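Participant: Next comes model34.csv, CSV, C-alpha atoms:
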```csv
chain,number,residue,atom,x,y,z
A,107,MET,CA,17.2,19.7,-44.7
A,108,HIS,CA,14.0,18.4,-43.0
A,109,THR,CA,16.0,15.5,-41.4
A,110,ALA,CA,18.6,17.8,-40.0
A,111,LEU,CA,16.0,20.2,-38.6
A,112,ALA,CA,14.2,17.2,-37.0
A,113,ILE,CA,17.4,16.0,-35.4
A,114,VAL,CA,18.1,19.5,-34.0
A,115,ALA,CA,14.5,19.8,-32.7
A,116,PHE,CA,14.7,16.4,-31.0
A,117,VAL,CA,18.1,17.3,-29.3
A,118,LEU,CA,16.8,20.7,-28.2
A,119,GLY,CA,13.6,19.1,-26.8
A,120,PHE,CA,15.6,16.5,-25.0
A,121,LEU,CA,17.9,19.1,-23.5
A,122,LEU,CA,15.0,21.2,-22.4
A,123,VAL,CA,13.4,18.2,-20.6
A,124,ALA,CA,16.7,17.3,-19.0
A,125,ALA,CA,17.3,20.8,-17.8
A,126,THR,CA,13.8,21.0,-16.3
A,127,LEU,CA,14.2,17.7,-14.5
A,128,PHE,CA,17.6,18.8,-13.2
A,129,SER,CA,16.0,22.0,-11.8
A,130,LEU,CA,13.2,19.9,-10.2
A,131,ILE,CA,15.6,17.5,-8.6
A,132,ARG,CA,17.7,20.3,-7.2
A,133,THR,CA,14.6,22.0,-5.8
A,134,LEU,CA,12.7,19.1,-4.4
A,135,LEU,CA,15.0,16.1,-3.9
A,136,LEU,CA,18.6,17.3,-3.3
A,137,PRO,CA,19.1,17.4,0.5
A,138,ARG,CA,21.4,20.5,0.5
A,139,GLY,CA,21.1,24.2,-0.2
A,140,ILE,CA,22.1,24.4,-3.9
A,141,PRO,CA,19.8,26.8,-5.7
A,142,ALA,CA,18.3,26.1,-9.2
A,143,ARG,CA,18.5,29.0,-11.6
A,144,LEU,CA,15.1,28.3,-13.0
A,145,ALA,CA,13.4,28.4,-9.6
A,146,ARG,CA,15.4,31.5,-8.7
A,147,LEU,CA,14.2,33.2,-12.0
A,148,VAL,CA,10.6,32.3,-11.3
A,149,PHE,CA,10.7,33.6,-7.7
A,150,LEU,CA,12.5,36.8,-8.6
A,151,GLY,CA,10.1,37.5,-11.4
A,152,LEU,CA,7.0,37.1,-9.2
A,153,ARG,CA,8.7,39.0,-6.4
A,154,ILE,CA,8.9,42.1,-8.7
A,155,PHE,CA,5.2,41.7,-9.5
A,156,PHE,CA,4.2,41.3,-5.9
A,157,ARG,CA,6.4,44.3,-4.9
A,158,ILE,CA,4.6,46.5,-7.5
A,159,ARG,CA,1.2,45.1,-6.3
A,160,ALA,CA,2.0,45.9,-2.7
A,161,GLY,CA,3.3,49.4,-3.4
A,162,ARG,CA,6.3,51.0,-1.8
A,163,ARG,CA,4.3,53.7,0.0
A,164,ALA,CA,1.5,51.4,1.2
A,165,THR,CA,1.2,50.6,4.9
A,166,TYR,CA,2.9,47.5,6.3
A,167,GLU,CA,-0.4,45.9,6.9
A,168,LYS,CA,-1.3,46.1,3.2
A,169,GLN,CA,2.1,45.0,2.1
A,170,ASP,CA,1.9,42.0,4.4
A,171,ALA,CA,-1.5,41.0,3.1
A,172,VAL,CA,-0.2,41.0,-0.4
A,173,LEU,CA,3.1,39.3,0.3
A,174,ALA,CA,1.4,36.6,2.3
A,175,PHE,CA,0.4,35.1,-1.1
A,176,TYR,CA,3.9,35.4,-2.6
A,177,GLY,CA,5.5,32.2,-1.3
A,178,PRO,CA,2.6,29.8,-2.1
A,179,VAL,CA,1.8,31.5,-5.5
A,180,ALA,CA,5.5,31.3,-6.5
A,181,LEU,CA,5.7,27.7,-5.5
A,182,LEU,CA,2.6,26.8,-7.6
A,183,THR,CA,3.9,28.9,-10.5
A,184,LEU,CA,7.2,27.0,-10.4
A,185,LEU,CA,5.3,23.7,-10.7
A,186,ALA,CA,3.3,25.1,-13.7
A,187,VAL,CA,6.6,26.3,-15.3
A,188,TRP,CA,8.1,22.8,-14.9
A,189,LEU,CA,5.1,21.1,-16.5
A,190,ILE,CA,5.0,23.6,-19.4
A,191,LEU,CA,8.7,23.2,-20.1
A,192,VAL,CA,8.4,19.4,-20.0
A,193,GLN,CA,5.4,19.5,-22.4
A,194,MET,CA,7.3,21.9,-24.8
A,195,GLY,CA,10.4,19.7,-24.8
A,196,PHE,CA,8.4,16.5,-25.5
A,197,ALA,CA,6.4,18.4,-28.1
A,198,ALA,CA,9.6,19.2,-30.0
A,199,MET,CA,10.6,15.5,-29.8
A,200,PHE,CA,7.2,14.4,-31.1
A,201,TRP,CA,7.4,16.9,-33.9
A,202,ALA,CA,10.8,15.5,-34.8
A,203,LEU,CA,9.4,12.0,-34.9
A,204,GLY,CA,6.7,12.9,-37.5
A,205,ALA,CA,3.9,14.9,-36.0
A,206,GLN,CA,2.1,16.8,-38.8
A,207,SER,CA,2.4,20.2,-37.1
A,208,PHE,CA,3.8,21.6,-33.8
A,209,ARG,CA,0.2,22.1,-32.6
A,210,GLU,CA,-0.5,18.4,-33.0
A,211,ALA,CA,2.8,17.7,-31.3
A,212,LEU,CA,1.7,19.9,-28.3
A,213,ILE,CA,-1.6,18.0,-28.1
A,214,ILE,CA,0.1,14.6,-28.1
A,215,SER,CA,2.6,15.8,-25.5
A,216,GLY,CA,-0.1,17.3,-23.2
A,217,SER,CA,-2.2,14.1,-23.5
A,218,SER,CA,0.8,12.0,-22.5
A,219,LEU,CA,2.1,14.3,-19.7
A,220,PHE,CA,-1.3,14.4,-17.9
A,221,THR,CA,-2.0,10.7,-18.8
A,222,LEU,CA,-5.3,11.7,-20.5
A,223,GLY,CA,-4.6,9.4,-23.5
A,224,PHE,CA,-6.9,11.1,-26.0
A,225,ALA,CA,-4.1,11.7,-28.5
A,226,LEU,CA,-1.6,9.0,-29.5
A,227,LYS,CA,0.7,8.1,-32.4
A,228,SER,CA,0.9,4.5,-33.4
A,229,ASP,CA,4.6,4.3,-34.4
A,230,SER,CA,6.9,2.6,-32.0
A,231,PRO,CA,9.3,5.6,-31.2
A,232,SER,CA,6.3,7.8,-30.5
A,233,LEU,CA,4.7,5.2,-28.2
A,234,VAL,CA,8.0,4.8,-26.2
A,235,LEU,CA,8.2,8.6,-25.9
A,236,THR,CA,4.5,8.7,-24.8
A,237,PHE,CA,5.1,6.2,-22.0
A,238,ILE,CA,8.2,8.0,-20.8
A,239,GLU,CA,6.4,11.4,-20.7
A,240,ALA,CA,3.4,9.8,-18.9
A,241,GLY,CA,5.8,8.4,-16.3
A,242,LEU,CA,7.5,11.7,-15.8
A,243,GLY,CA,4.2,13.5,-15.4
A,244,LEU,CA,3.1,11.1,-12.6
A,245,MET,CA,6.6,11.4,-11.0
A,246,ILE,CA,6.4,15.2,-10.9
A,247,LEU,CA,2.9,15.2,-9.4
A,248,ALA,CA,3.9,12.5,-6.8
A,249,LEU,CA,7.0,14.6,-5.8
A,250,LEU,CA,4.8,17.6,-5.3
A,251,ILE,CA,2.4,15.7,-3.2
A,252,THR,CA,5.2,14.5,-0.9
A,253,TYR,CA,7.0,17.8,-0.9
A,254,LEU,CA,4.1,20.0,0.4
A,255,PRO,CA,3.5,18.0,3.6
A,256,SER,CA,7.2,18.2,4.4
A,257,LEU,CA,7.2,21.9,3.7
A,258,TYR,CA,4.2,22.7,5.9
A,259,ALA,CA,5.5,20.4,8.7
A,260,ALA,CA,8.7,22.5,8.8
A,261,PHE,CA,6.7,25.7,8.6
A,262,SER,CA,4.6,24.5,11.6
A,263,ARG,CA,7.6,23.7,13.7
A,264,ARG,CA,9.1,27.1,12.9
A,265,GLU,CA,6.0,29.1,13.7
A,266,ALA,CA,5.2,27.2,17.0
A,267,ALA,CA,8.5,28.5,18.4
A,268,VAL,CA,8.0,32.0,17.0
A,269,SER,CA,4.5,32.3,18.5
A,270,LYS,CA,5.8,31.0,21.9
A,271,LEU,CA,8.5,33.6,21.9
A,272,GLU,CA,5.9,36.4,22.2
A,273,VAL,CA,5.2,35.2,25.8
A,274,ARG,CA,8.9,35.6,26.7
A,275,ALA,CA,10.1,38.5,24.5
A,276,GLY,CA,7.0,40.6,23.7
A,277,SER,CA,5.6,41.6,20.3
A,278,PRO,CA,7.5,42.7,18.4
A,279,PRO,CA,10.2,40.5,20.1
A,280,SER,CA,13.2,42.1,21.8
A,281,GLY,CA,16.2,40.7,23.4
A,282,VAL,CA,16.1,43.4,26.1
A,283,GLU,CA,12.5,42.6,26.9
A,284,MET,CA,13.4,38.9,27.2
A,285,ILE,CA,15.9,39.6,29.9
A,286,VAL,CA,13.6,42.1,31.7
A,287,ARG,CA,10.7,39.6,31.8
A,288,ALA,CA,12.9,36.8,33.0
A,289,ARG,CA,14.1,39.1,35.9
A,290,THR,CA,10.6,40.2,36.7
A,291,LEU,CA,9.4,36.6,36.9
A,292,GLY,CA,12.4,35.7,39.1
A,293,ARG,CA,13.6,33.2,36.4
A,294,LEU,CA,16.8,35.0,35.3
A,295,ASP,CA,18.8,31.9,36.2
A,296,ARG,CA,16.4,29.8,34.1
A,297,LEU,CA,17.2,31.4,30.8
A,298,ILE,CA,18.8,28.1,29.9
A,299,ASP,CA,15.2,27.0,29.2
A,300,ILE,CA,15.3,29.4,26.2
A,301,TRP,CA,18.8,29.0,24.8
A,302,GLU,CA,18.8,25.2,24.4
A,303,PRO,CA,15.5,24.8,22.5
A,304,TRP,CA,16.4,27.7,20.3
A,305,GLU,CA,19.8,26.2,19.5
A,306,ASP,CA,17.8,23.2,18.2
A,307,TRP,CA,15.5,25.6,16.4
A,308,PHE,CA,18.3,27.3,14.6
A,309,VAL,CA,19.7,24.0,13.4
A,310,ASP,CA,16.3,23.0,12.1
A,311,VAL,CA,15.7,26.3,10.3
A,312,GLU,CA,19.2,26.1,8.7
A,313,GLU,CA,18.4,22.7,7.2
A,314,THR,CA,14.8,23.3,6.2
A,315,HIS,CA,15.2,26.9,4.8
A,316,THR,CA,18.1,25.8,2.5
A,317,SER,CA,16.5,22.5,1.5
A,318,PHE,CA,13.1,24.2,1.1
A,319,PRO,CA,14.0,27.7,0.1
A,320,ALA,CA,10.4,28.7,-0.5
A,321,LEU,CA,9.9,28.5,3.3
A,322,ASN,CA,11.9,31.8,3.7
A,323,PHE,CA,9.1,33.6,2.1
A,324,PHE,CA,6.2,31.9,3.8
A,325,ARG,CA,5.0,34.6,6.2
A,326,SER,CA,3.8,34.0,9.8
A,327,PRO,CA,0.0,33.6,10.5
A,328,GLN,CA,0.3,36.8,12.6
A,329,PRO,CA,1.3,39.9,10.7
A,330,ASP,CA,3.6,41.1,13.5
A,331,HIS,CA,5.5,37.8,13.7
A,332,SER,CA,8.5,36.8,11.6
A,333,TRP,CA,11.1,34.0,11.9
A,334,VAL,CA,13.8,36.6,11.1
A,335,THR,CA,12.9,39.1,13.9
A,336,ALA,CA,12.4,36.2,16.3
A,337,SER,CA,16.0,35.0,15.4
A,338,GLY,CA,17.3,38.5,16.0
A,339,ALA,CA,15.5,38.8,19.4
A,340,VAL,CA,16.9,35.5,20.6
A,341,LEU,CA,20.4,36.2,19.4
A,342,ASP,CA,20.3,39.7,21.0
A,343,GLY,CA,19.0,38.2,24.3
A,344,ALA,CA,21.7,35.6,24.3
A,345,ALA,CA,24.4,38.2,23.5
A,346,LEU,CA,23.2,40.4,26.4
A,347,ALA,CA,23.2,37.4,28.7
A,348,ALA,CA,26.7,36.5,27.7
A,349,SER,CA,28.1,40.0,27.7
A,350,SER,CA,26.2,42.1,30.3
A,351,VAL,CA,24.4,40.0,32.9
A,352,ASP,CA,26.6,39.2,35.9
A,353,GLN,CA,26.0,35.5,36.5
A,354,ARG,CA,27.8,32.2,35.9
A,355,ARG,CA,29.2,31.9,32.5
A,356,PRO,CA,26.2,31.2,30.2
A,357,LEU,CA,27.7,28.5,27.9
A,358,GLU,CA,24.2,27.6,26.6
A,359,ALA,CA,23.7,31.2,25.5
A,360,GLU,CA,27.1,31.2,23.7
A,361,LEU,CA,26.2,27.9,21.9
A,362,CYS,CA,22.8,29.4,20.9
A,363,ILE,CA,24.6,32.4,19.4
A,364,ARG,CA,26.9,30.2,17.4
A,365,ALA,CA,24.1,28.0,16.1
A,366,GLY,CA,22.1,31.2,15.2
A,367,TYR,CA,24.7,33.0,13.3
A,368,ILE,CA,25.8,29.9,11.4
A,369,ALA,CA,22.2,29.3,10.4
A,370,LEU,CA,21.6,32.9,9.2
A,371,ARG,CA,24.9,32.9,7.4
A,372,ARG,CA,24.2,29.6,5.5
A,373,ILE,CA,20.7,30.9,4.5
A,374,SER,CA,22.4,34.0,3.3
A,375,ASP,CA,24.9,31.9,1.4
A,376,PHE,CA,22.0,30.3,-0.4
A,377,PHE,CA,20.7,33.7,-1.6
A,378,GLY,CA,24.1,35.0,-2.4
A,379,ILE,CA,24.1,37.7,0.3
A,380,PRO,CA,27.6,39.0,0.9
A,381,TYR,CA,29.0,39.3,4.4
A,382,ASP,CA,32.4,39.1,6.2
A,383,PRO,CA,32.9,35.5,7.3
A,384,ASP,CA,35.5,36.4,9.9
A,385,PRO,CA,34.7,39.9,11.3
A,386,SER,CA,36.8,41.5,13.9
A,387,PRO,CA,35.2,42.2,17.4
A,388,SER,CA,35.9,45.9,16.8
A,389,ASP,CA,34.1,46.1,13.5
A,390,PRO,CA,31.1,48.5,13.4
A,391,ILE,CA,27.6,47.1,14.0
A,392,SER,CA,24.2,48.6,13.4
A,393,ILE,CA,23.5,49.0,17.2
A,394,SER,CA,24.8,52.3,18.4
A,395,ARG,CA,26.4,52.8,21.8
A,396,LEU,CA,23.5,55.0,22.9
A,397,GLU,CA,21.0,52.2,22.1
A,398,PHE,CA,23.1,49.8,24.1
A,399,ASP,CA,23.3,52.3,27.0
A,400,ASP,CA,19.5,52.7,27.0
A,401,ALA,CA,19.2,48.9,27.1
A,402,TYR,CA,21.7,48.7,29.9
A,403,GLU,CA,19.8,51.3,31.9
A,404,ARG,CA,16.5,49.4,31.5
A,405,LEU,CA,18.1,46.2,32.7
A,406,SER,CA,19.5,48.1,35.7
A,407,GLU,CA,16.1,49.5,36.5
A,408,VAL,CA,14.7,46.0,37.1
A,409,ASP,CA,17.7,45.1,39.2
A,410,VAL,CA,19.3,42.7,36.7
A,411,PRO,CA,22.9,42.1,38.0
A,412,LEU,CA,25.2,43.7,35.4
A,413,LYS,CA,28.8,43.7,34.6
A,414,GLU,CA,31.0,46.8,34.1
A,415,ARG,CA,29.4,48.8,31.3
A,416,GLU,CA,32.4,49.5,29.1
A,417,GLN,CA,33.4,45.8,29.0
A,418,ALA,CA,29.8,44.7,28.5
A,419,TRP,CA,29.5,46.9,25.4
A,420,LYS,CA,32.7,45.6,23.9
A,421,ASP,CA,31.6,42.0,24.5
A,422,PHE,CA,28.1,42.6,23.2
A,423,ALA,CA,29.5,44.2,20.0
A,424,GLY,CA,31.9,41.2,19.7
A,425,TRP,CA,28.9,38.8,19.7
A,426,ARG,CA,26.6,41.0,17.5
A,427,VAL,CA,29.2,41.4,14.8
A,428,ASN,CA,28.9,37.7,13.9
A,429,TYR,CA,25.2,38.1,12.8
A,430,ASP,CA,24.6,41.8,12.4
A,431,THR,CA,24.9,42.0,8.6
A,432,VAL,CA,23.0,38.8,7.7
A,433,LEU,CA,20.2,39.6,10.1
A,434,LEU,CA,19.6,43.0,8.5
A,435,ALA,CA,19.8,41.6,5.0
A,436,LEU,CA,17.4,38.7,5.7
A,437,SER,CA,15.0,41.2,7.3
A,438,THR,CA,15.0,43.2,4.1
A,439,LEU,CA,14.8,40.2,1.9
A,440,THR,CA,11.7,38.8,3.7
A,441,ASN,CA,10.1,42.3,4.3
A,442,ALA,CA,9.9,41.4,8.0
A,443,PRO,CA,7.7,43.5,10.3
A,444,GLU,CA,9.5,46.2,12.3
A,445,ALA,CA,11.2,44.9,15.4
A,446,PRO,CA,13.9,46.4,17.7
A,447,TRP,CA,17.5,46.0,16.6
A,448,SER,CA,16.7,44.0,13.4
A,449,SER,CA,14.1,45.1,10.9
A,450,ASP,CA,13.8,48.7,12.3
A,451,ARG,CA,17.1,49.6,10.6
A,452,ARG,CA,17.3,49.0,6.8
A,453,PRO,CA,20.0,51.2,5.5
A,454,ASP,CA,20.7,51.4,1.8
A,455,SER,CA,24.1,49.7,2.5
A,456,VAL,CA,22.4,46.4,3.4
A,457,PRO,CA,23.9,43.9,1.0
A,458,ARG,CA,21.5,42.5,-1.6
A,459,PRO,CA,21.7,39.2,-3.4
A,460,PRO,CA,22.5,39.2,-7.2
A,461,LEU,CA,19.5,39.2,-9.5
A,462,LEU,CA,20.0,35.8,-11.1
A,463,LEU,CA,23.4,34.1,-10.5
A,464,ARG,CA,24.3,33.0,-7.1
A,465,ARG,CA,27.6,34.1,-5.7
A,466,THR,CA,30.2,31.4,-5.1
A,467,ARG,CA,29.9,29.9,-1.6
A,468,ARG,CA,32.7,30.9,0.7
A,469,ARG,CA,34.8,27.8,1.0
A,470,ARG,CA,36.7,29.2,4.0
A,471,GLU,CA,33.5,29.2,6.0
A,472,LYS,CA,32.9,25.5,5.7
A,473,GLU,CA,33.9,25.1,9.3
A,474,ILE,CA,34.3,28.2,11.5
A,475,ASP,CA,36.9,27.4,14.1
A,476,TRP,CA,35.9,27.6,17.8
A,477,SER,CA,38.6,30.2,18.3
A,478,LYS,CA,36.8,32.6,15.9
A,479,MET,CA,33.8,33.1,18.2
A,480,HIS,CA,34.2,36.7,19.1
A,481,ALA,CA,33.7,38.6,22.3
A,482,PRO,CA,37.2,38.0,23.9
A,483,GLU,CA,35.8,37.5,27.4
A,484,SER,CA,33.2,35.0,26.2
A,485,ARG,CA,35.1,32.4,24.1
A,486,ILE,CA,34.3,28.8,24.7
A,487,ASP,CA,37.0,26.6,26.1
A,488,ALA,CA,36.6,22.9,25.2
A,489,ARG,CA,37.8,21.9,28.7
A,490,GLU,CA,35.0,24.0,30.3
A,491,LEU,CA,32.5,22.2,28.1
A,492,ASP,CA,33.8,18.9,29.2
A,493,GLY,CA,33.5,19.8,32.8
A,494,ASP,CA,30.2,21.6,32.7
```
What would you get if you wrote out this structure as structure tokens?

Facilitator:
Amino acid sequence: MHTALAIVAFVLGFLLVAATLFSLIRTLLLPRGIPARLARLVFLGLRIFFRIRAGRRATYEKQDAVLAFYGPVALLTLLAVWLILVQMGFAAMFWALGAQSFREALIISGSSLFTLGFALKSDSPSLVLTFIEAGLGLMILALLITYLPSLYAAFSRREAAVSKLEVRAGSPPSGVEMIVRARTLGRLDRLIDIWEPWEDWFVDVEETHTSFPALNFFRSPQPDHSWVTASGAVLDGAALAASSVDQRRPLEAELCIRAGYIALRRISDFFGIPYDPDPSPSDPISISRLEFDDAYERLSEVDVPLKEREQAWKDFAGWRVNYDTVLLALSTLTNAPEAPWSSDRRPDSVPRPPLLLRRTRRRREKEIDWSKMHAPESRIDARELDGD
């Protein structure tokens, strides 16, 4: 009976260590957005705690001050959980190999994991297990040491662009304000200086925020800044430039929109947020016609050359529908500060991710065909790209 119990304990300990290492590899090493359930469970559990601590009725400033700690604390908690689970798994194996009690097995496991070396067993199987655990402990700490600089380098790149946007789009950022300021400064024809860098920014954010998912919850240094609201302002500005401003066809703006909604969709895929991967240009959006008319009038007041209003609204809605749902959902998920046309509208119908299990990734959105870029008057023709 004791031998059978020891075998079961050894197998369960081995499986626990293997599952923990698999979670660590998926979180720190795997260069693609595949979430680990253990990491998701830790982040969701702490999120509930921080939400309660912040309070639903508290001011945004208080909520932001509390949630600013959420990302870093959750990341360090995940490291502690990994180490505890590895220690528990090896303790079960040490007990199966002959430790007098589980307490003694925990002491041997902790001494080995943190390479302290004050508790050892002299038999060969235990010594082999000790060296294996010591090596894994060093590997986990080394991975964290290399992970954090990469994480903060990506955070720094993201926030540099978000801070710079305040100069061009105000605070909180607005796509309408972006066009107005460009016209006021006589640089309406130089909006290309915005679209091309932000196309690169969206590509970088897509890669880093799915490879390093904790980054999604790292809040900006300034309480009124957010990578989500910045995304919304740039996409709205590009959509207005493509649909409403009467100028040469802004291919750079159209490409920026495509890069932006693909990035937001793939981050949403990671969190299991549902959306329509192939919406119709006539599908409803969260921006009302009255809001668009107000924006149209403001652009007209500063003498922005505008297209015919009815067609401009249809084209704008055709662009916005590609990112409307995911923009609102990510604003809610990250508790973004209030900004026009993004986090200022959080209806109860905003889709939420499942609590634990991730939804199956939409296979049909692997490659969105060029022909599915909405706004009928603004579709990109490959021949025009070649000749531009």

Participant: Between A:Phe237, A:Trp419, A:Tyr253, A:Tyr166, which has the minimum distance to A:Leu181 (counting all atoms listed in the file)?

Facilitator: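 Selected residue with least distance to A:Leu181: A:Tyr253.
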
Participant: Kindly give the distance, in Å, that separates atom CA of A:Ala267 and atom CA of A:Ser349, rounded to a single decimal.

Facilitator: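 Computed distance, atom CA of A:Ala267 to atom CA of A:Ser349, equals 24.6 Å.
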
Participant: How far is it from atom CA of A:Pro383 to atom CA of A:Asp310, in Å with one decimal?

Facilitator: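 Computing it gives 21.3 Å between the two atoms.
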
Participant: I'd like the interatomic distance between atom CA of A:Gly281 and atom CA of A:Ala344, to a tenth of an Å.

Facilitator: 7.6 Å

Participant: Do you know which residues are at most 7 Å from stretch 285-294 of chain A counting only C-alpha atoms, after dropping those on the same chain fewer than 2 positions away, and could you put them as a PyMOL selection string?

Facilitator: chain A and resi 274+281-283+296-297+343+405+408+410

Participant: May I have a table of the residues of stretch 153-229 of chain A lying at most 10 Å from stretch 129-142 of chain A, giving each one's closest pair of atoms and their distance in Å to one decimal, counting only C-alpha atoms, ordered by chain and ascending residue number, as a Markdown table?

Facilitator:
```
| residue | atom | partner | partner_atom | distance |
| --- | --- | --- | --- | --- |
| A:Leu184 | CA | A:Leu130 | CA | 9.3 |
| A:Leu185 | CA | A:Leu130 | CA | 8.8 |
| A:Trp188 | CA | A:Leu130 | CA | 7.5 |
```

Participant: Kindly indicate which residue among A:Lys227, A:Arg372, A:Lys270, A:Arg415 lies nearest to A:Ser350, using all atoms listed in the file for the distances.

Facilitator: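 Counting all atoms listed in the file, the residue closest to A:Ser350 is A:Arg415.
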
Participant: Could you check which of A:Ala266, A:Ala320, A:Ala347, A:Pro303 is closest to A:Met284, using all atoms listed in the file?

Facilitator: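 Selected residue with least distance to A:Met284: A:Ala347.
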
Participant: Smallest atom-to-atom distance to A:Arg264: which of A:Pro356, A:Gly204, A:Pro327, A:Gly276, using all atoms listed in the file?

Facilitator: A:Pro327

Participant: Pick from A:Val340, A:Ala125, A:Ile213, A:Ala197: nearest to A:Ser448, with only C-alpha atoms counted?

Facilitator: A:Val340

Participant: With all atoms listed in the file as the counted atoms, please give the residues lying no more than 7 Å from A:Pro278, apart from itself and same-chain residues fewer than 2 positions off, as a ChimeraX atom specification.

Facilitator: /A:276,280,330,445

Participant: Let me make sure I understand: among A:Leu247, A:Ala369, A:Ala260, A:Val432, which one has the smallest atom-to-atom distance to A:Glu305 if we use all atoms listed in the file?

Facilitator: A:Ala369

Participant: Could you give me, as a list in words, the residues within 12 Å of A:Phe175, counting only C-alpha atoms and dropping anything in the same chain fewer than 6 positions from it?

Facilitator: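 Final neighbour list, sorted by chain and number: Leu152, Arg153, Phe155, Phe156, Arg157, Arg159, Ala160, Lys168, Gln169, Leu181, Leu182, Thr183, Ala320, Phe323, Phe324, Arg325, Ser326 and Pro327 of chain A.
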
Participant: Could you write out that same residue set with C-alpha atoms as an mmCIF file, in the coordinates of the input?

Facilitator:
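After the write, result-v3.cif holds the following:
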```cif
data_model
loop_
_atom_site.group_PDB
_atom_site.id
_atom_site.type_symbol
_atom_site.label_atom_id
_atom_site.label_comp_id
_atom_site.auth_asym_id
_atom_site.auth_seq_id
_atom_site.Cartn_x
_atom_site.Cartn_y
_atom_site.Cartn_z
ATOM 1 C CA LEU A 152 7.000 37.100 -9.200
ATOM 2 C CA ARG A 153 8.700 39.000 -6.400
ATOM 3 C CA PHE A 155 5.200 41.700 -9.500
ATOM 4 C CA PHE A 156 4.200 41.300 -5.900
ATOM 5 C CA ARG A 157 6.400 44.300 -4.900
ATOM 6 C CA ARG A 159 1.200 45.100 -6.300
ATOM 7 C CA ALA A 160 2.000 45.900 -2.700
ATOM 8 C CA LYS A 168 -1.300 46.100 3.200
ATOM 9 C CA GLN A 169 2.100 45.000 2.100
ATOM 10 C CA LEU A 181 5.700 27.700 -5.500
ATOM 11 C CA LEU A 182 2.600 26.800 -7.600
ATOM 12 C CA THR A 183 3.900 28.900 -10.500
ATOM 13 C CA ALA A 320 10.400 28.700 -0.500
ATOM 14 C CA PHE A 323 9.100 33.600 2.100
ATOM 15 C CA PHE A 324 6.200 31.900 3.800
ATOM 16 C CA ARG A 325 5.000 34.600 6.200
ATOM 17 C CA SER A 326 3.800 34.000 9.800
ATOM 18 C CA PRO A 327 0.000 33.600 10.500
#
```

Participant: Write out as a count of residues only which residues come within 9 Å of A:Leu235 when counting all atoms listed in the file, dropping same-chain ones fewer than 4 positions away.

Facilitator: 8

Participant: For A:Pro443, please output as JSON, numbers by chain all residues within 10 Å (counting only C-alpha atoms; exclusion window: fewer than 4 positions along the same chain).

Facilitator: {"A": [166, 167, 170, 278, 329, 330, 331, 332, 334, 335, 437, 438, 448, 449, 450]}

Participant: Can I get the selected residues back with C-alpha atoms, as a PDB file, in the coordinates of the input?

Facilitator:
```pdb
ATOM      1  CA  TYR A 166       2.900  47.500   6.300  1.00  0.00           C
ATOM      2  CA  GLU A 167      -0.400  45.900   6.900  1.00  0.00           C
ATOM      3  CA  ASP A 170       1.900  42.000   4.400  1.00  0.00           C
ATOM      4  CA  PRO A 278       7.500  42.700  18.400  1.00  0.00           C
ATOM      5  CA  PRO A 329       1.300  39.900  10.700  1.00  0.00           C
ATOM      6  CA  ASP A 330       3.600  41.100  13.500  1.00  0.00           C
ATOM      7  CA  HIS A 331       5.500  37.800  13.700  1.00  0.00           C
ATOM      8  CA  SER A 332       8.500  36.800  11.600  1.00  0.00           C
ATOM      9  CA  VAL A 334      13.800  36.600  11.100  1.00  0.00           C
ATOM     10  CA  THR A 335      12.900  39.100  13.900  1.00  0.00           C
ATOM     11  CA  SER A 437      15.000  41.200   7.300  1.00  0.00           C
ATOM     12  CA  THR A 438      15.000  43.200   4.100  1.00  0.00           C
ATOM     13  CA  SER A 448      16.700  44.000  13.400  1.00  0.00           C
ATOM     14  CA  SER A 449      14.100  45.100  10.900  1.00  0.00           C
ATOM     15  CA  ASP A 450      13.800  48.700  12.300  1.00  0.00           C
TER      16      ASP A 450
END
```
